Structures are given as structure tokens and as C-alpha cells.
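Content type PDB, C-alpha atoms, pLDDT in the B column, from the file entry.pdb:
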```pdb
ATOM      1  CA  MET A   1     -13.719  14.979 -38.256  1.00 37.00           C
ATOM      2  CA  SER A   2     -13.502  16.253 -34.689  1.00 40.00           C
ATOM      3  CA  ALA A   3     -12.749  19.802 -33.609  1.00 37.00           C
ATOM      4  CA  SER A   4      -9.270  18.535 -32.811  1.00 35.00           C
ATOM      5  CA  ALA A   5      -8.534  17.990 -36.495  1.00 33.00           C
ATOM      6  CA  THR A   6      -8.313  21.646 -37.436  1.00 28.00           C
ATOM      7  CA  ARG A   7      -7.840  23.045 -40.914  1.00 27.00           C
ATOM      8  CA  LEU A   8      -4.552  24.292 -42.268  1.00 26.00           C
ATOM      9  CA  ILE A   9      -4.173  27.945 -41.333  1.00 25.00           C
ATOM     10  CA  ALA A  10      -3.331  30.424 -44.053  1.00 26.00           C
ATOM     11  CA  ARG A  11       0.320  31.391 -43.773  1.00 26.00           C
ATOM     12  CA  THR A  12       0.935  34.398 -41.574  1.00 26.00           C
ATOM     13  CA  SER A  13       3.927  35.590 -39.593  1.00 30.00           C
ATOM     14  CA  PHE A  14       5.296  38.355 -37.431  1.00 28.00           C
ATOM     15  CA  HIS A  15       6.136  41.719 -38.997  1.00 31.00           C
ATOM     16  CA  GLY A  16       5.817  41.277 -42.719  1.00 31.00           C
ATOM     17  CA  GLY A  17       6.615  37.606 -42.998  1.00 33.00           C
ATOM     18  CA  ARG A  18       9.854  37.755 -41.026  1.00 34.00           C
ATOM     19  CA  THR A  19      10.593  35.855 -37.840  1.00 38.00           C
ATOM     20  CA  THR A  20      13.007  36.928 -35.153  1.00 39.00           C
ATOM     21  CA  SER A  21      16.152  35.031 -36.172  1.00 39.00           C
ATOM     22  CA  LEU A  22      19.038  34.367 -33.843  1.00 41.00           C
ATOM     23  CA  SER A  23      22.140  32.275 -34.436  1.00 35.00           C
ATOM     24  CA  SER A  24      24.169  30.540 -31.769  1.00 32.00           C
ATOM     25  CA  SER A  25      27.842  31.337 -31.385  1.00 33.00           C
ATOM     26  CA  LYS A  26      30.692  29.483 -29.720  1.00 33.00           C
ATOM     27  CA  ARG A  27      30.724  30.121 -26.006  1.00 33.00           C
ATOM     28  CA  HIS A  28      33.896  31.760 -24.693  1.00 36.00           C
ATOM     29  CA  ARG A  29      35.120  29.999 -21.605  1.00 36.00           C
ATOM     30  CA  SER A  30      36.747  31.619 -18.608  1.00 36.00           C
ATOM     31  CA  ARG A  31      36.645  31.142 -14.879  1.00 38.00           C
ATOM     32  CA  ARG A  32      34.463  34.167 -14.226  1.00 38.00           C
ATOM     33  CA  ARG A  33      32.285  34.316 -17.316  1.00 37.00           C
ATOM     34  CA  PRO A  34      29.706  31.656 -16.283  1.00 38.00           C
ATOM     35  CA  SER A  35      28.580  33.622 -13.229  1.00 33.00           C
ATOM     36  CA  VAL A  36      28.190  36.760 -15.340  1.00 33.00           C
ATOM     37  CA  VAL A  37      26.101  34.871 -17.894  1.00 36.00           C
ATOM     38  CA  VAL A  38      23.881  33.388 -15.181  1.00 35.00           C
ATOM     39  CA  ARG A  39      23.117  36.794 -13.665  1.00 38.00           C
ATOM     40  CA  ALA A  40      22.403  38.336 -17.068  1.00 40.00           C
ATOM     41  CA  SER A  41      20.135  35.441 -18.026  1.00 56.00           C
ATOM     42  CA  SER A  42      18.310  35.597 -14.700  1.00 73.00           C
ATOM     43  CA  SER A  43      17.616  39.302 -15.170  1.00 91.00           C
ATOM     44  CA  LEU A  44      16.493  38.739 -18.751  1.00 93.00           C
ATOM     45  CA  ALA A  45      14.250  35.870 -17.685  1.00 95.00           C
ATOM     46  CA  ASP A  46      12.591  38.072 -15.062  1.00 96.00           C
ATOM     47  CA  GLU A  47      11.923  40.760 -17.673  1.00 96.00           C
ATOM     48  CA  VAL A  48      10.479  38.283 -20.164  1.00 97.00           C
ATOM     49  CA  SER A  49       8.348  36.562 -17.534  1.00 97.00           C
ATOM     50  CA  ALA A  50       6.810  39.885 -16.508  1.00 96.00           C
ATOM     51  CA  ALA A  51       6.265  40.977 -20.113  1.00 97.00           C
ATOM     52  CA  LEU A  52       4.534  37.729 -21.111  1.00 97.00           C
ATOM     53  CA  LYS A  53       1.831  38.176 -18.457  1.00 96.00           C
ATOM     54  CA  GLY A  54       1.337  34.423 -18.213  1.00 97.00           C
ATOM     55  CA  ILE A  55       1.164  33.747 -21.951  1.00 98.00           C
ATOM     56  CA  SER A  56       2.495  30.257 -22.651  1.00 98.00           C
ATOM     57  CA  ILE A  57       5.377  29.329 -24.947  1.00 98.00           C
ATOM     58  CA  VAL A  58       5.288  26.550 -27.548  1.00 98.00           C
ATOM     59  CA  VAL A  59       8.532  25.146 -28.977  1.00 97.00           C
ATOM     60  CA  VAL A  60       8.438  23.583 -32.454  1.00 97.00           C
ATOM     61  CA  GLY A  61      11.046  22.019 -34.730  1.00 95.00           C
ATOM     62  CA  ASP A  62      12.193  18.748 -36.276  1.00 94.00           C
ATOM     63  CA  ASP A  63      14.418  17.713 -33.363  1.00 92.00           C
ATOM     64  CA  GLU A  64      12.051  16.450 -30.683  1.00 93.00           C
ATOM     65  CA  ARG A  65      14.785  16.228 -28.046  1.00 92.00           C
ATOM     66  CA  ALA A  66      15.797  19.812 -28.799  1.00 92.00           C
ATOM     67  CA  ASN A  67      12.197  20.973 -28.422  1.00 94.00           C
ATOM     68  CA  ASP A  68      11.999  19.268 -25.042  1.00 95.00           C
ATOM     69  CA  ALA A  69      15.381  20.544 -23.805  1.00 94.00           C
ATOM     70  CA  VAL A  70      14.605  24.152 -24.746  1.00 95.00           C
ATOM     71  CA  ALA A  71      11.080  24.015 -23.292  1.00 97.00           C
ATOM     72  CA  ARG A  72      12.371  22.638 -19.988  1.00 96.00           C
ATOM     73  CA  SER A  73      15.189  25.169 -19.792  1.00 95.00           C
ATOM     74  CA  LEU A  74      12.800  28.055 -20.491  1.00 96.00           C
ATOM     75  CA  ALA A  75      10.302  26.758 -17.924  1.00 97.00           C
ATOM     76  CA  LYS A  76      12.989  26.587 -15.252  1.00 95.00           C
ATOM     77  CA  ARG A  77      14.092  30.178 -15.811  1.00 95.00           C
ATOM     78  CA  LEU A  78      10.638  31.681 -16.275  1.00 96.00           C
ATOM     79  CA  GLY A  79       8.940  29.835 -13.426  1.00 96.00           C
ATOM     80  CA  TYR A  80       6.637  28.094 -15.928  1.00 98.00           C
ATOM     81  CA  SER A  81       5.565  24.442 -16.072  1.00 98.00           C
ATOM     82  CA  PRO A  82       7.165  22.261 -18.767  1.00 98.00           C
ATOM     83  CA  VAL A  83       4.866  20.019 -20.805  1.00 97.00           C
ATOM     84  CA  SER A  84       5.874  17.413 -23.397  1.00 97.00           C
ATOM     85  CA  VAL A  85       3.161  16.730 -25.966  1.00 96.00           C
ATOM     86  CA  PRO A  86       4.746  13.393 -27.029  1.00 94.00           C
ATOM     87  CA  ALA A  87       4.831  12.272 -23.380  1.00 94.00           C
ATOM     88  CA  LEU A  88       1.268  13.513 -22.824  1.00 91.00           C
ATOM     89  CA  ILE A  89       0.005  11.533 -25.807  1.00 89.00           C
ATOM     90  CA  ALA A  90       1.897   8.412 -24.767  1.00 88.00           C
ATOM     91  CA  SER A  91       0.435   8.642 -21.279  1.00 87.00           C
ATOM     92  CA  SER A  92      -3.102   9.074 -22.638  1.00 78.00           C
ATOM     93  CA  VAL A  93      -2.767   6.073 -24.936  1.00 77.00           C
ATOM     94  CA  GLU A  94      -1.292   3.919 -22.173  1.00 77.00           C
ATOM     95  CA  SER A  95      -4.089   4.792 -19.768  1.00 75.00           C
ATOM     96  CA  GLY A  96      -6.764   4.299 -22.416  1.00 70.00           C
ATOM     97  CA  ALA A  97      -7.978   7.889 -22.036  1.00 63.00           C
ATOM     98  CA  VAL A  98      -8.646   8.492 -25.744  1.00 61.00           C
ATOM     99  CA  GLU A  99     -11.786   9.600 -27.550  1.00 56.00           C
ATOM    100  CA  SER A 100     -13.667   7.096 -29.704  1.00 45.00           C
ATOM    101  CA  GLU A 101     -12.770   8.885 -32.938  1.00 50.00           C
ATOM    102  CA  GLU A 102      -9.061   8.815 -32.153  1.00 48.00           C
ATOM    103  CA  SER A 103      -9.299   5.066 -31.461  1.00 51.00           C
ATOM    104  CA  ASP A 104     -11.339   4.357 -34.618  1.00 61.00           C
ATOM    105  CA  GLU A 105      -9.688   1.397 -36.326  1.00 68.00           C
ATOM    106  CA  THR A 106     -10.793   2.660 -39.744  1.00 77.00           C
ATOM    107  CA  LEU A 107      -8.327   5.535 -39.403  1.00 78.00           C
ATOM    108  CA  SER A 108      -4.678   5.108 -40.257  1.00 82.00           C
ATOM    109  CA  GLU A 109      -2.129   5.152 -37.459  1.00 80.00           C
ATOM    110  CA  GLU A 110      -0.864   8.518 -38.706  1.00 81.00           C
ATOM    111  CA  ALA A 111      -4.369  10.013 -38.750  1.00 83.00           C
ATOM    112  CA  ARG A 112      -5.060   8.836 -35.200  1.00 82.00           C
ATOM    113  CA  ALA A 113      -1.742  10.295 -34.027  1.00 84.00           C
ATOM    114  CA  LEU A 114      -2.575  13.659 -35.590  1.00 87.00           C
ATOM    115  CA  LEU A 115      -6.016  13.700 -33.954  1.00 87.00           C
ATOM    116  CA  LEU A 116      -4.474  12.969 -30.567  1.00 88.00           C
ATOM    117  CA  GLU A 117      -1.859  15.654 -31.054  1.00 92.00           C
ATOM    118  CA  ASN A 118      -4.408  18.254 -32.109  1.00 91.00           C
ATOM    119  CA  GLY A 119      -6.556  17.343 -29.126  1.00 91.00           C
ATOM    120  CA  ALA A 120      -3.607  17.801 -26.779  1.00 93.00           C
ATOM    121  CA  HIS A 121      -2.832  21.247 -28.178  1.00 95.00           C
ATOM    122  CA  GLU A 122      -6.491  22.222 -28.007  1.00 95.00           C
ATOM    123  CA  GLN A 123      -6.556  21.446 -24.291  1.00 94.00           C
ATOM    124  CA  LEU A 124      -3.181  23.053 -23.573  1.00 96.00           C
ATOM    125  CA  SER A 125      -4.230  26.260 -25.340  1.00 96.00           C
ATOM    126  CA  THR A 126      -6.466  27.158 -22.392  1.00 95.00           C
ATOM    127  CA  TYR A 127      -3.660  27.045 -19.807  1.00 97.00           C
ATOM    128  CA  LEU A 128      -1.295  29.807 -18.734  1.00 97.00           C
ATOM    129  CA  ARG A 129       2.421  29.684 -17.867  1.00 98.00           C
ATOM    130  CA  LEU A 130       3.332  26.563 -19.803  1.00 98.00           C
ATOM    131  CA  CYS A 131       6.415  25.791 -21.887  1.00 98.00           C
ATOM    132  CA  VAL A 132       5.196  23.196 -24.367  1.00 98.00           C
ATOM    133  CA  ALA A 133       7.523  20.876 -26.292  1.00 97.00           C
ATOM    134  CA  THR A 134       5.947  19.559 -29.497  1.00 96.00           C
ATOM    135  CA  VAL A 135       6.326  16.429 -31.627  1.00 95.00           C
ATOM    136  CA  GLY A 136       9.383  16.511 -33.916  1.00 92.00           C
ATOM    137  CA  GLY A 137      10.662  14.463 -36.810  1.00 88.00           C
ATOM    138  CA  GLY A 138       8.821  16.532 -39.409  1.00 87.00           C
ATOM    139  CA  ARG A 139       5.756  14.313 -38.980  1.00 82.00           C
ATOM    140  CA  GLY A 140       3.755  16.000 -36.235  1.00 87.00           C
ATOM    141  CA  ALA A 141       0.763  18.300 -36.602  1.00 91.00           C
ATOM    142  CA  THR A 142       2.922  21.401 -36.143  1.00 93.00           C
ATOM    143  CA  ALA A 143       4.988  20.333 -39.163  1.00 92.00           C
ATOM    144  CA  ARG A 144       1.848  20.343 -41.297  1.00 85.00           C
ATOM    145  CA  GLY A 145       0.251  23.417 -39.829  1.00 78.00           C
ATOM    146  CA  ASP A 146      -2.821  21.400 -38.770  1.00 72.00           C
ATOM    147  CA  CYS A 147      -2.890  22.571 -35.173  1.00 84.00           C
ATOM    148  CA  TRP A 148      -1.564  26.117 -35.440  1.00 95.00           C
ATOM    149  CA  THR A 149      -5.070  27.326 -34.660  1.00 95.00           C
ATOM    150  CA  TRP A 150      -4.322  26.259 -31.080  1.00 96.00           C
ATOM    151  CA  LEU A 151      -0.792  27.697 -31.025  1.00 97.00           C
ATOM    152  CA  PHE A 152      -1.430  31.308 -31.991  1.00 97.00           C
ATOM    153  CA  GLY A 153      -2.527  32.111 -28.450  1.00 97.00           C
ATOM    154  CA  SER A 154       1.012  31.307 -27.262  1.00 98.00           C
ATOM    155  CA  VAL A 155       4.426  32.672 -28.180  1.00 98.00           C
ATOM    156  CA  THR A 156       5.829  30.188 -30.691  1.00 98.00           C
ATOM    157  CA  VAL A 157       9.555  29.386 -30.866  1.00 98.00           C
ATOM    158  CA  TRP A 158      11.184  27.452 -33.697  1.00 97.00           C
ATOM    159  CA  VAL A 159      14.375  25.594 -32.744  1.00 95.00           C
ATOM    160  CA  ASP A 160      16.106  25.213 -36.105  1.00 94.00           C
ATOM    161  CA  LEU A 161      19.295  23.204 -36.599  1.00 89.00           C
ATOM    162  CA  GLU A 162      22.184  24.664 -38.542  1.00 90.00           C
ATOM    163  CA  GLY A 163      22.569  22.882 -41.858  1.00 90.00           C
ATOM    164  CA  ALA A 164      18.984  21.594 -41.919  1.00 90.00           C
ATOM    165  CA  ASP A 165      17.427  20.790 -45.287  1.00 92.00           C
ATOM    166  CA  GLU A 166      16.043  24.141 -46.463  1.00 91.00           C
ATOM    167  CA  SER A 167      13.698  22.424 -48.924  1.00 92.00           C
ATOM    168  CA  ALA A 168      11.890  20.318 -46.299  1.00 94.00           C
ATOM    169  CA  PRO A 169       8.133  20.994 -46.657  1.00 93.00           C
ATOM    170  CA  GLN A 170       7.547  21.272 -42.905  1.00 93.00           C
ATOM    171  CA  ARG A 171       9.678  24.424 -42.773  1.00 94.00           C
ATOM    172  CA  GLU A 172       6.802  26.397 -44.273  1.00 93.00           C
ATOM    173  CA  ALA A 173       4.684  25.505 -41.258  1.00 95.00           C
ATOM    174  CA  TYR A 174       7.515  26.255 -38.830  1.00 95.00           C
ATOM    175  CA  GLU A 175       7.855  29.714 -40.370  1.00 95.00           C
ATOM    176  CA  LEU A 176       4.533  30.552 -38.760  1.00 95.00           C
ATOM    177  CA  SER A 177       6.535  30.799 -35.530  1.00 97.00           C
ATOM    178  CA  GLU A 178       7.357  34.199 -34.086  1.00 97.00           C
ATOM    179  CA  VAL A 179      10.850  33.511 -32.760  1.00 97.00           C
ATOM    180  CA  ARG A 180      13.472  31.387 -34.473  1.00 96.00           C
ATOM    181  CA  VAL A 181      16.741  30.272 -32.949  1.00 94.00           C
ATOM    182  CA  VAL A 182      19.356  28.469 -35.046  1.00 92.00           C
ATOM    183  CA  VAL A 183      21.666  26.131 -33.157  1.00 88.00           C
ATOM    184  CA  LYS A 184      24.615  24.019 -34.205  1.00 83.00           C
ATOM    185  CA  ASP A 185      24.140  20.292 -34.446  1.00 74.00           C
ATOM    186  CA  GLY A 186      25.368  18.695 -31.237  1.00 71.00           C
ATOM    187  CA  ALA A 187      25.296  21.953 -29.254  1.00 73.00           C
ATOM    188  CA  SER A 188      23.947  21.927 -25.710  1.00 75.00           C
ATOM    189  CA  LEU A 189      20.365  23.147 -25.817  1.00 73.00           C
ATOM    190  CA  ASP A 190      19.715  23.654 -22.127  1.00 69.00           C
ATOM    191  CA  ASP A 191      22.669  25.918 -21.345  1.00 71.00           C
ATOM    192  CA  GLU A 192      22.561  29.636 -20.549  1.00 80.00           C
ATOM    193  CA  GLU A 193      23.645  30.708 -24.023  1.00 84.00           C
ATOM    194  CA  THR A 194      20.933  28.928 -25.993  1.00 86.00           C
ATOM    195  CA  THR A 195      18.221  29.832 -23.486  1.00 91.00           C
ATOM    196  CA  GLY A 196      19.444  33.414 -23.469  1.00 92.00           C
ATOM    197  CA  GLN A 197      19.068  33.606 -27.239  1.00 93.00           C
ATOM    198  CA  VAL A 198      15.477  32.423 -27.057  1.00 96.00           C
ATOM    199  CA  LEU A 199      14.652  34.808 -24.222  1.00 97.00           C
ATOM    200  CA  ALA A 200      16.221  37.701 -26.138  1.00 96.00           C
ATOM    201  CA  GLY A 201      14.082  36.825 -29.157  1.00 97.00           C
ATOM    202  CA  ILE A 202      10.911  36.729 -27.077  1.00 98.00           C
ATOM    203  CA  LYS A 203      11.797  40.033 -25.439  1.00 97.00           C
ATOM    204  CA  ALA A 204      12.323  41.662 -28.850  1.00 97.00           C
ATOM    205  CA  LEU A 205       9.011  40.245 -30.063  1.00 97.00           C
ATOM    206  CA  VAL A 206       7.036  41.600 -27.111  1.00 97.00           C
ATOM    207  CA  GLU A 207       8.796  44.972 -27.133  1.00 96.00           C
ATOM    208  CA  ALA A 208       7.970  45.393 -30.824  1.00 97.00           C
ATOM    209  CA  ASP A 209       4.252  45.158 -30.015  1.00 96.00           C
ATOM    210  CA  ASP A 210       3.203  45.996 -26.465  1.00 94.00           C
ATOM    211  CA  GLN A 211      -0.326  44.797 -27.273  1.00 96.00           C
ATOM    212  CA  LEU A 212       0.780  41.333 -28.389  1.00 97.00           C
ATOM    213  CA  CYS A 213       0.233  39.421 -25.139  1.00 97.00           C
ATOM    214  CA  GLY A 214      -3.125  41.048 -24.513  1.00 96.00           C
ATOM    215  CA  LYS A 215      -4.167  40.197 -28.044  1.00 97.00           C
ATOM    216  CA  LYS A 216      -3.093  36.569 -27.616  1.00 97.00           C
ATOM    217  CA  ASN A 217      -5.062  36.355 -24.391  1.00 96.00           C
ATOM    218  CA  LEU A 218      -8.133  37.687 -26.205  1.00 95.00           C
ATOM    219  CA  TYR A 219      -7.597  35.187 -29.021  1.00 96.00           C
ATOM    220  CA  VAL A 220      -7.704  32.351 -26.478  1.00 96.00           C
ATOM    221  CA  ARG A 221     -10.786  33.807 -24.760  1.00 94.00           C
ATOM    222  CA  PHE A 222     -12.542  33.926 -28.155  1.00 93.00           C
ATOM    223  CA  GLY A 223     -11.894  30.189 -28.499  1.00 93.00           C
ATOM    224  CA  CYS A 224      -8.791  29.994 -30.728  1.00 94.00           C
ATOM    225  CA  ARG A 225     -10.981  30.266 -33.813  1.00 92.00           C
ATOM    226  CA  GLY A 226      -8.144  30.663 -36.332  1.00 92.00           C
ATOM    227  CA  ASP A 227      -8.596  34.374 -37.071  1.00 93.00           C
ATOM    228  CA  TRP A 228      -5.090  35.311 -35.911  1.00 95.00           C
ATOM    229  CA  PRO A 229      -3.747  37.966 -36.237  1.00 93.00           C
ATOM    230  CA  ASP A 230      -6.847  39.875 -37.400  1.00 94.00           C
ATOM    231  CA  LEU A 231      -9.284  39.078 -34.603  1.00 94.00           C
ATOM    232  CA  GLN A 232     -12.961  39.463 -35.444  1.00 91.00           C
ATOM    233  CA  PRO A 233     -15.669  40.348 -32.901  1.00 89.00           C
ATOM    234  CA  PRO A 234     -17.714  37.417 -31.567  1.00 82.00           C
ATOM    235  CA  GLY A 235     -20.461  36.513 -34.021  1.00 79.00           C
ATOM    236  CA  GLU A 236     -18.717  38.160 -36.988  1.00 79.00           C
ATOM    237  CA  TYR A 237     -15.973  35.633 -37.670  1.00 80.00           C
ATOM    238  CA  ALA A 238     -16.875  33.362 -40.610  1.00 73.00           C
ATOM    239  CA  GLY A 239     -16.004  30.283 -38.562  1.00 65.00           C
ATOM    240  CA  ASP A 240     -18.488  31.103 -35.794  1.00 55.00           C
ATOM    241  CA  ALA A 241     -21.718  29.121 -35.736  1.00 48.00           C
ATOM    242  CA  SER A 242     -23.638  32.321 -34.959  1.00 42.00           C
ATOM    243  CA  ALA A 243     -22.122  34.086 -37.956  1.00 43.00           C
ATOM    244  CA  ASN A 244     -22.880  31.166 -40.263  1.00 41.00           C
ATOM    245  CA  LYS A 245     -26.473  31.099 -39.028  1.00 42.00           C
ATOM    246  CA  ALA A 246     -26.871  34.835 -39.642  1.00 42.00           C
ATOM    247  CA  GLN A 247     -25.544  34.475 -43.191  1.00 42.00           C
ATOM    248  CA  SER A 248     -27.844  31.551 -44.059  1.00 42.00           C
TER     249      SER A 248
END
```
Translate the structure of the given file into C-alpha cells.
Amino acid sequence: MSASATRLIARTSFHGGRTTSLSSSKRHRSRRRPSVVVRASSSLADEVSAALKGISIVVVGDDERANDAVARSLAKRLGYSPVSVPALIASSVESGAVESEESDETLSEEARALLLENGAHEQLSTYLRLCVATVGGGRGATARGDCWTWLFGSVTVWVDLEGADESAPQREAYELSEVRVVVKDGASLDDEETTGQVLAGIKALVEADDQLCGKKNLYVRFGCRGDWPDLQPPGEYAGDASANKAQS
């Protein structure tokens, strides 16, 4: 198994197992209101962008199109670069740029897809100022928790659909996210209201812990070892080769 196929991370979440939860509401229409919303969102986006200090954002959820729409909308307002993991994987497969293990014919199609997805998140974890849209459908690595090792260095946002099946097993993995926004089925996901809800959730998250972004940056610098949120010094984490050697 390659480093891309990471283990399932023990369940952890922000502030005592609770995520920042926001629900969408019906937008009130008027001739003047849109301009007011745009200015408020622009100001909020500037605040969030400054507070994040370059830390990337990863959007998870069952609806792949929703993940992509929210990631692109956030990127536009924050001055970040949008990245689609499904598109990245498709491009890599089409160009033949895949590792031998991922192309191993002895592996099932699902296993190869998970390895590719984990590998993509591993690479993206080292970049700053990205808004990453993940695989949806309840079948991707983020739905299983396999690649959360690579996500903890970013701010994670769960786009949840109102009326979704509460018993779906992938929801346990999604609850690892730090910000959750609930939207109505069929609602526009790239408008000012939805984006504003996500930005407000991120702002609340960062304001609740002014050390959060610095800690995430350190987590990435340590190599995304999986010891989030209780970071261990280099050489002392049980997953480090140096620590394992010292214990043997």
C-alpha cells in the first residue's frame, strides 16, 4: 500500500465534537438589496482571506456539483485558486500520468480510484491559497475518512443538503469537517447568500481559535502525519520512522 492510501483517522472535530452549522434561508428580493449583499460579502471575504493567512479550503459532501460550485465561488471571492479533484484525477488518467501501483490491474477499479484520490490530496496538501472541490456521491475517499490525514492542514467545509439521509455512513466522515453549511435542494450554490454563509462559518471558526491557522501550517510542515489536533514534536509521533526506530 502506498503512502497515498492512508489509514482511517480517529474521529475528531472542532470544539467538543460540534461543527459550525449554518442553514440557508430564502433570499429576500428587492431592487437595492443585491448591492448591499455584495458589499457585505466583499468585506467579509477580505476579513476571512486575511485571517486564513493562505491556509487552503477543502469542500466535502455527497453532491459533487455542489462541492465544485461552492469551491469556485469561495475562490473567486477570496482570491484563491479553485481546484477540482475529480477533474484532476480525470486529467491524470487521460494523460497516463499515474503511478504503477494505481494502475495495477490486480486492484479493483474502486481501489485504484481511491489511491488516485488520496495521491491528489497528498499533493494538494502542500499548496497554499487553494479552494479544493472533492469527489462526491458518498463513494470518494473523503466519504470514508481515508484521506483526512491530508485535509487537516486545510479548513474543511461540509456542504450538506437539506433532507439528506441522516443514516448514511459517510456522514460520520463528513463530521470531521470544521464548518458545515446546510442548503436546500435545488438552491443556487454560487450566489452571495450561500457563499456568505460559508465565509461566516470560517470567520467564526478562526475567531474561536486565533492559533488555528498557524497550527494547521505547522501540521503541514510536519508532513501531515495524522496527529491532528494534538501535534507531536518531530521524532516523538508514533507514526514517525525515527520514533519507531527509537522504540525498537
Result set of the PyMOL selection byres ((chain A and resi 67) around 9) on the coordinates above, as a short mmCIF file (atom, residue, chain, number, x, y, z; two decimals) with C-alpha atoms, in the frame of the given file:
```
data_model
loop_
_atom_site.label_atom_id
_atom_site.label_comp_id
_atom_site.auth_asym_id
_atom_site.auth_seq_id
_atom_site.Cartn_x
_atom_site.Cartn_y
_atom_site.Cartn_z
CA VAL A 58 5.29 26.55 -27.55
CA VAL A 59 8.53 25.15 -28.98
CA VAL A 60 8.44 23.58 -32.45
CA GLY A 61 11.05 22.02 -34.73
CA ASP A 62 12.19 18.75 -36.28
CA ASP A 63 14.42 17.71 -33.36
CA GLU A 64 12.05 16.45 -30.68
CA ARG A 65 14.78 16.23 -28.05
CA ALA A 66 15.80 19.81 -28.80
CA ASP A 68 12.00 19.27 -25.04
CA ALA A 69 15.38 20.54 -23.80
CA VAL A 70 14.60 24.15 -24.75
CA ALA A 71 11.08 24.02 -23.29
CA ARG A 72 12.37 22.64 -19.99
CA SER A 84 5.87 17.41 -23.40
CA VAL A 132 5.20 23.20 -24.37
CA ALA A 133 7.52 20.88 -26.29
CA THR A 134 5.95 19.56 -29.50
CA VAL A 135 6.33 16.43 -31.63
CA GLY A 136 9.38 16.51 -33.92
CA TRP A 158 11.18 27.45 -33.70
CA VAL A 159 14.38 25.59 -32.74
CA LEU A 189 20.36 23.15 -25.82
#
```
Given the point (16.5, 39.0, -21.0) in the file's coordinates, find the residues that have an atom at most 12 Å from it, counting only C-alpha atoms, and give them as a PyMOL selection string. chain A and resi 37-51+74+77-78+192-193+195-207
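Note that atom CA of Leu114 of chain A and atom CA of Lys215 of chain A are 27.6 Å apart.
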Just say which residues the PyMOL selection byres ((chain A and resi 150) around 10) picks in this file, as a ChimeraX atom specification. /A:4,6,118-126,146-149,151-154,219-220,223-226
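Separating atom CA of Ala143 of chain A from atom CA of Arg171 of chain A is a distance of 7.2 Å.
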Between atom CA of Pro229 of chain A and atom CA of Asp165 of chain A, distance in Å (one decimal): 28.7 Å
Write out as an mmCIF file with C-alpha atoms, in the frame of the given file the residues lying within 12 Å of Ala168 of chain A, counting all atoms listed in the file and excluding same-chain residues fewer than 2 positions away.
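The result, stored in result_15.cif:
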```
data_model
loop_
_atom_site.group_PDB
_atom_site.id
_atom_site.type_symbol
_atom_site.label_atom_id
_atom_site.label_comp_id
_atom_site.auth_asym_id
_atom_site.auth_seq_id
_atom_site.Cartn_x
_atom_site.Cartn_y
_atom_site.Cartn_z
ATOM 1 C CA GLY A 61 11.046 22.019 -34.730
ATOM 2 C CA ASP A 62 12.193 18.748 -36.276
ATOM 3 C CA GLY A 137 10.662 14.463 -36.810
ATOM 4 C CA GLY A 138 8.821 16.532 -39.409
ATOM 5 C CA ARG A 139 5.756 14.313 -38.980
ATOM 6 C CA ALA A 143 4.988 20.333 -39.163
ATOM 7 C CA ARG A 144 1.848 20.343 -41.297
ATOM 8 C CA GLY A 163 22.569 22.882 -41.858
ATOM 9 C CA ALA A 164 18.984 21.594 -41.919
ATOM 10 C CA ASP A 165 17.427 20.790 -45.287
ATOM 11 C CA GLU A 166 16.043 24.141 -46.463
ATOM 12 C CA GLN A 170 7.547 21.272 -42.905
ATOM 13 C CA ARG A 171 9.678 24.424 -42.773
ATOM 14 C CA GLU A 172 6.802 26.397 -44.273
ATOM 15 C CA ALA A 173 4.684 25.505 -41.258
ATOM 16 C CA TYR A 174 7.515 26.255 -38.830
ATOM 17 C CA GLU A 175 7.855 29.714 -40.370
#
```
Show me, as lines of an AutoDock Vina configuration file, the centre and edge lengths in Å to one decimal of the axis-aligned box that covers every listed atom of segment 47-53 of chain A with 8 Å on each side.
```
center_x = 6.9
center_y = 38.8
center_z = -18.8
size_x = 26.1
size_y = 20.4
size_z = 20.6
```
Pick from A:Ala75, A:Leu130, A:Asp160, A:Tyr237, whichever lies nearest to Ala187 of chain A using all atoms listed in the file: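 Comparing A:Ala75, A:Leu130, A:Asp160, A:Tyr237 against Ala187 of chain A, the winner is A:Asp160.
Here the PyMOL selection byres ((chain A and resi 56) around 7) captures the residues Gly54, Ile55, Ile57, Val58, Leu128, Arg129, Leu130, Cys131, Ser154 and Val155 of chain A.
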